[in-house]
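run.cif (mmCIF, C-alpha atoms) appears below.
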```
data_query
#
loop_
_atom_site.group_PDB
_atom_site.id
_atom_site.type_symbol
_atom_site.label_atom_id
_atom_site.label_comp_id
_atom_site.auth_asym_id
_atom_site.auth_seq_id
_atom_site.Cartn_x
_atom_site.Cartn_y
_atom_site.Cartn_z
ATOM 1 C CA THR A 1 -25.552 24.166 79.818
ATOM 2 C CA GLU A 2 -26.928 25.283 83.171
ATOM 3 C CA SER A 3 -27.399 28.865 81.937
ATOM 4 C CA ILE A 4 -29.399 27.604 78.931
ATOM 5 C CA VAL A 5 -31.629 25.496 81.168
ATOM 6 C CA ARG A 6 -32.189 28.443 83.553
ATOM 7 C CA ALA A 7 -32.926 30.816 80.681
ATOM 8 C CA ARG A 8 -35.469 28.432 79.182
ATOM 9 C CA ALA A 9 -37.182 27.999 82.562
ATOM 10 C CA ALA A 10 -37.412 31.800 82.969
ATOM 11 C CA MET A 11 -38.954 32.416 79.524
ATOM 12 C CA ARG A 12 -42.195 34.379 79.426
ATOM 13 C CA PRO A 13 -44.157 36.325 76.825
ATOM 14 C CA ALA A 14 -42.827 39.812 76.215
ATOM 15 C CA LYS A 15 -43.715 42.931 74.255
ATOM 16 C CA ILE A 16 -41.205 45.062 72.390
ATOM 17 C CA GLU A 17 -41.366 48.842 72.021
ATOM 18 C CA THR A 18 -38.925 51.122 70.228
ATOM 19 C CA THR A 19 -38.100 54.737 69.488
ATOM 20 C CA VAL A 20 -35.346 56.878 68.050
ATOM 21 C CA ALA A 21 -34.356 60.114 69.779
ATOM 22 C CA ARG A 22 -31.960 62.905 68.955
ATOM 23 C CA GLN A 23 -29.231 63.445 71.542
ATOM 24 C CA GLY A 24 -29.623 67.005 72.823
ATOM 25 C CA THR A 25 -26.653 67.450 75.154
ATOM 26 C CA PRO A 26 -23.460 67.297 73.070
ATOM 27 C CA VAL A 27 -21.506 64.223 74.162
ATOM 28 C CA SER A 28 -19.919 63.094 70.879
ATOM 29 C CA PHE A 29 -17.553 64.950 68.560
ATOM 30 C CA ASN A 30 -15.575 64.249 65.420
ATOM 31 C CA ARG A 31 -11.887 63.954 66.328
ATOM 32 C CA ARG A 32 -10.562 64.896 62.876
ATOM 33 C CA PHE A 33 -10.263 68.459 61.582
ATOM 34 C CA LEU A 34 -9.813 70.111 58.211
ATOM 35 C CA LEU A 35 -6.921 72.581 58.289
ATOM 36 C CA LYS A 36 -6.430 75.765 56.236
ATOM 37 C CA ASP A 37 -3.731 74.072 54.123
ATOM 38 C CA GLY A 38 -6.256 71.394 53.064
ATOM 39 C CA SER A 39 -4.810 68.616 55.215
ATOM 40 C CA VAL A 40 -6.684 66.714 57.898
ATOM 41 C CA LYS A 41 -5.426 66.363 61.455
ATOM 42 C CA THR A 42 -6.632 64.111 64.251
ATOM 43 C CA TRP A 43 -6.844 65.527 67.793
ATOM 44 C CA ALA A 44 -6.783 69.211 66.971
ATOM 45 C CA ASN A 45 -9.127 71.716 68.592
ATOM 46 C CA PHE A 46 -10.805 74.995 67.794
ATOM 47 C CA ARG A 47 -8.129 76.994 69.596
ATOM 48 C CA ASP A 48 -5.694 76.012 66.831
ATOM 49 C CA PRO A 49 -5.754 78.907 64.295
ATOM 50 C CA SER A 50 -5.102 76.505 61.403
ATOM 51 C CA VAL A 51 -8.378 74.594 62.043
ATOM 52 C CA VAL A 52 -11.184 75.389 59.606
ATOM 53 C CA ARG A 53 -13.837 72.944 60.785
ATOM 54 C CA SER A 54 -14.576 69.412 61.861
ATOM 55 C CA ALA A 55 -13.726 66.910 59.101
ATOM 56 C CA GLY A 56 -17.013 65.081 59.368
ATOM 57 C CA PRO A 57 -20.355 64.753 61.090
ATOM 58 C CA ILE A 58 -21.485 62.785 64.104
ATOM 59 C CA ASP A 59 -24.641 60.694 64.345
ATOM 60 C CA PRO A 60 -26.880 62.272 67.008
ATOM 61 C CA GLU A 61 -29.542 59.530 66.930
ATOM 62 C CA VAL A 62 -30.101 57.358 69.981
ATOM 63 C CA GLY A 63 -31.883 54.116 69.122
ATOM 64 C CA PHE A 64 -33.793 52.525 71.967
ATOM 65 C CA VAL A 65 -35.633 49.232 72.445
ATOM 66 C CA LEU A 66 -37.620 48.342 75.569
ATOM 67 C CA VAL A 67 -38.802 44.797 76.304
ATOM 68 C CA ARG A 68 -41.666 44.462 78.797
ATOM 69 C CA ASP A 69 -43.234 41.464 80.458
ATOM 70 C CA ALA A 70 -46.399 40.950 78.365
ATOM 71 C CA GLU A 71 -48.635 40.244 81.371
ATOM 72 C CA LYS A 72 -47.224 42.451 84.139
ATOM 73 C CA LYS A 73 -46.127 45.251 81.758
ATOM 74 C CA THR A 74 -42.934 45.655 83.807
ATOM 75 C CA PRO A 75 -39.721 46.564 81.952
ATOM 76 C CA LEU A 76 -37.345 43.619 81.593
ATOM 77 C CA MET A 77 -34.531 44.892 79.405
ATOM 78 C CA THR A 78 -33.409 47.709 77.170
ATOM 79 C CA LEU A 79 -31.100 48.108 74.217
ATOM 80 C CA THR A 80 -29.602 51.556 73.688
ATOM 81 C CA ASN A 81 -27.600 52.304 70.538
ATOM 82 C CA PHE A 82 -25.398 55.379 70.057
ATOM 83 C CA ALA A 83 -22.387 56.207 67.889
ATOM 84 C CA LEU A 84 -19.591 56.983 70.356
ATOM 85 C CA HIS A 85 -16.425 55.050 71.164
ATOM 86 C CA LEU A 86 -16.259 53.344 74.541
ATOM 87 C CA ASP A 87 -12.872 54.798 75.441
ATOM 88 C CA THR A 88 -13.741 57.483 77.946
ATOM 89 C CA VAL A 89 -11.858 55.892 80.854
ATOM 90 C CA GLY A 90 -8.703 55.197 78.834
ATOM 91 C CA GLY A 91 -5.641 53.323 79.960
ATOM 92 C CA ALA A 92 -5.379 49.571 80.331
ATOM 93 C CA LEU A 93 -8.126 49.063 82.922
ATOM 94 C CA TRP A 94 -11.391 47.254 82.189
ATOM 95 C CA SER A 95 -14.429 49.492 82.472
ATOM 96 C CA ALA A 96 -18.134 49.509 81.684
ATOM 97 C CA ASP A 97 -17.503 53.111 80.571
ATOM 98 C CA TYR A 98 -20.553 55.301 79.968
ATOM 99 C CA PRO A 99 -23.046 52.415 79.379
ATOM 100 C CA TYR A 100 -22.789 51.759 83.127
ATOM 101 C CA TRP A 101 -24.311 55.183 83.803
ATOM 102 C CA ILE A 102 -26.990 54.617 81.163
ATOM 103 C CA GLU A 103 -27.958 51.456 83.028
ATOM 104 C CA GLN A 104 -27.927 53.132 86.443
ATOM 105 C CA SER A 105 -30.143 55.994 85.252
ATOM 106 C CA LEU A 106 -32.563 53.657 83.468
ATOM 107 C CA ARG A 107 -32.795 51.421 86.535
ATOM 108 C CA GLU A 108 -33.778 54.447 88.649
ATOM 109 C CA GLN A 109 -36.615 55.125 86.214
ATOM 110 C CA LEU A 110 -37.658 51.612 85.145
ATOM 111 C CA GLY A 111 -36.725 49.309 88.025
ATOM 112 C CA SER A 112 -33.632 47.901 89.680
ATOM 113 C CA ASP A 113 -33.880 44.494 87.954
ATOM 114 C CA LEU A 114 -33.684 46.005 84.478
ATOM 115 C CA VAL A 115 -31.053 44.509 82.172
ATOM 116 C CA SER A 116 -29.470 47.220 80.043
ATOM 117 C CA ILE A 117 -27.600 46.333 76.854
ATOM 118 C CA PHE A 118 -25.610 48.881 74.866
ATOM 119 C CA GLY A 119 -24.770 48.747 71.168
ATOM 120 C CA THR A 120 -22.151 51.025 69.674
ATOM 121 C CA GLY A 121 -23.248 52.685 66.460
ATOM 122 C CA CYS A 122 -20.879 53.583 63.619
ATOM 123 C CA CYS A 123 -18.281 55.767 65.311
ATOM 124 C CA GLY A 124 -15.050 55.644 63.288
ATOM 125 C CA ASN A 125 -13.834 59.133 64.202
ATOM 126 C CA ILE A 126 -16.330 59.942 66.919
ATOM 127 C CA ASN A 127 -15.019 60.562 70.409
ATOM 128 C CA HIS A 128 -16.036 62.146 73.730
ATOM 129 C CA VAL A 129 -13.548 65.035 73.576
ATOM 130 C CA ASP A 130 -15.230 68.391 72.934
ATOM 131 C CA PRO A 131 -12.747 70.389 70.799
ATOM 132 C CA SER A 132 -14.122 73.675 72.125
ATOM 133 C CA ARG A 133 -13.316 72.927 75.794
ATOM 134 C CA GLU A 134 -10.272 72.050 77.878
ATOM 135 C CA GLU A 135 -11.984 69.417 80.034
ATOM 136 C CA ARG A 136 -13.197 66.088 78.647
ATOM 137 C CA ASN A 137 -16.624 64.581 79.149
ATOM 138 C CA ASP A 138 -16.514 61.807 81.739
ATOM 139 C CA THR A 139 -18.420 58.534 81.777
ATOM 140 C CA LYS A 140 -21.134 59.734 84.162
ATOM 141 C CA THR A 141 -21.753 62.915 82.158
ATOM 142 C CA ILE A 142 -22.104 60.987 78.896
ATOM 143 C CA GLY A 143 -24.151 58.061 80.220
ATOM 144 C CA SER A 144 -26.486 60.242 82.260
ATOM 145 C CA ALA A 145 -27.079 62.581 79.298
ATOM 146 C CA LEU A 146 -27.912 59.662 76.990
ATOM 147 C CA ALA A 147 -30.239 58.171 79.616
ATOM 148 C CA ARG A 148 -32.055 61.514 80.026
ATOM 149 C CA THR A 149 -32.615 61.585 76.269
ATOM 150 C CA VAL A 150 -34.057 58.061 76.330
ATOM 151 C CA ILE A 151 -36.205 58.684 79.412
ATOM 152 C CA ALA A 152 -37.707 61.784 77.787
ATOM 153 C CA GLU A 153 -38.735 59.575 74.825
ATOM 154 C CA LEU A 154 -40.454 56.851 76.896
ATOM 155 C CA PRO A 155 -43.954 58.323 76.324
ATOM 156 C CA ARG A 156 -43.356 58.072 72.554
ATOM 157 C CA LEU A 157 -42.355 54.404 72.458
ATOM 158 C CA GLN A 158 -44.026 52.540 69.610
ATOM 159 C CA PRO A 159 -44.996 48.859 69.874
ATOM 160 C CA VAL A 160 -43.380 46.365 67.533
ATOM 161 C CA GLU A 161 -46.416 44.281 66.578
ATOM 162 C CA SER A 162 -44.687 41.482 64.660
ATOM 163 C CA PRO A 163 -41.040 41.361 65.663
ATOM 164 C CA THR A 164 -38.723 39.689 63.183
ATOM 165 C CA LEU A 165 -34.973 39.528 62.945
ATOM 166 C CA HIS A 166 -33.276 40.587 59.730
ATOM 167 C CA VAL A 167 -29.643 40.648 58.737
ATOM 168 C CA ARG A 168 -28.414 42.922 55.977
ATOM 169 C CA SER A 169 -24.981 43.388 54.500
ATOM 170 C CA ALA A 170 -23.836 45.949 51.956
#
```

Please go through the file and, once you have read it, give me the structure as structure tokens.
Amino acid sequence: TESIVRARAAMRPAKIETTVARQGTPVSFNRRFLLKDGSVKTWANFRDPSVVRSAGPIDPEVGFVLVRDAEKKTPLMTLTNFALHLDTVGGALWSADYPYWIEQSLREQLGSDLVSIFGTGCCGNINHVDPSREERNDTKTIGSALARTVIAELPRLQPVESPTLHVRSA
């Protein structure tokens, strides 16, 4: 109850801006591969001579929403959406994974009080393991790359004049 009361007391008019960018630095990869015999294998790589190609695409779009204080114009919060599993750390430990590094990079650019929210896009077979390399992408590499993509798009943010919430199911 206290958090609701505090949130209501802190309410203020805000403006919403949005953009969609294309992730330039490769940080997401399909983890399934079509083999020469027609079968599909998970966790292969391009060094395997039986691999023909990746079994499916990735989604390179990075959706981004920025909410600003309507009067001061200062950034309040962001929502970043990208199709990549949050399993970079692995194991049984809790981790903020790469969204932590998105937040850190955005805070450097937009202010230390910024609240950063991350939404995972559709990522059924999408992972952080580049099948053409031995080493895996780490959380800082992924999060920082996504943040650079978003930061480069900031000048192209478009205002959302009449924000409405819609739900769609198919």

Requested in this report: Run through the PyMOL selection byres ((chain A and resi 138-147) around 12) on the given coordinates and return the selected residues as a VMD selection string.
Outcome: chain A and resid 20 to 29 60 to 64 78 to 90 95 to 110 116 118 127 to 130 135 to 137 148 to 154

Decode the PyMOL selection byres ((chain A and resi 162) around 12) for the given file into explicit residues and return them as a PDB file with C-alpha atoms, in the frame of the given file.
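Heads up, here's the output in part_9.pdb:
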```pdb
ATOM      1  CA  ALA A  14     -42.827  39.812  76.215  1.00  0.00           C
ATOM      2  CA  LYS A  15     -43.715  42.931  74.255  1.00  0.00           C
ATOM      3  CA  ILE A  16     -41.205  45.062  72.390  1.00  0.00           C
ATOM      4  CA  GLU A  17     -41.366  48.842  72.021  1.00  0.00           C
ATOM      5  CA  PRO A 159     -44.996  48.859  69.874  1.00  0.00           C
ATOM      6  CA  VAL A 160     -43.380  46.365  67.533  1.00  0.00           C
ATOM      7  CA  GLU A 161     -46.416  44.281  66.578  1.00  0.00           C
ATOM      8  CA  PRO A 163     -41.040  41.361  65.663  1.00  0.00           C
ATOM      9  CA  THR A 164     -38.723  39.689  63.183  1.00  0.00           C
ATOM     10  CA  LEU A 165     -34.973  39.528  62.945  1.00  0.00           C
TER      11      LEU A 165
END
```

Requested in this report: May I have the residues within 12 Å of Asn125 (chain A) as a list in words, using all atoms listed in the file and disregarding those fewer than 5 positions away in the same chain?
Outcome: Ser28, Phe29, Asn30, Arg31, Arg32, Phe33, Lys41, Thr42, Trp43, Ser54, Ala55, Gly56, Pro57, Ile58, Asp59, Ala83, Leu84 and His85 of chain A

Report summary line: Expressed in Å, the length from CA of His166 (chain A) to CA of Met77 (chain A) is 20.2 Å

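The closest residue to Arg12 (chain A), picked from A:Pro155, A:Ser50, A:Gly38, A:Glu71 and counting all atoms listed in the file, is A:Glu71.
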
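One distance worth recording is that between CA of Gly111 (chain A) and CA of Leu76 (chain A), which is 8.6 Å.
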
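Coordinates place CA of Asp37 (chain A) at a distance of 11.4 Å from CA of Pro49 (chain A).
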
Report task. Would you mind telling me which residue in A:Arg8, A:Ala92, A:Val40, A:Leu114 lies nearest to Arg68 (chain A) when using all atoms listed in the file? Result -> A:Leu114

Report task. Quick one: apply the PyMOL selection byres ((chain A and resi 48) around 12) to the file and drop the selected residues here as an NGL selection string. Result -> :A and (33-36 or 41 or 43-47 or 49-53 or 131-132)

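With all atoms listed in the file as the atoms that count, the residue of A:Leu157, A:Trp94, A:Arg133, A:Pro75 with the shortest distance to Asp113 (chain A) is A:Pro75.
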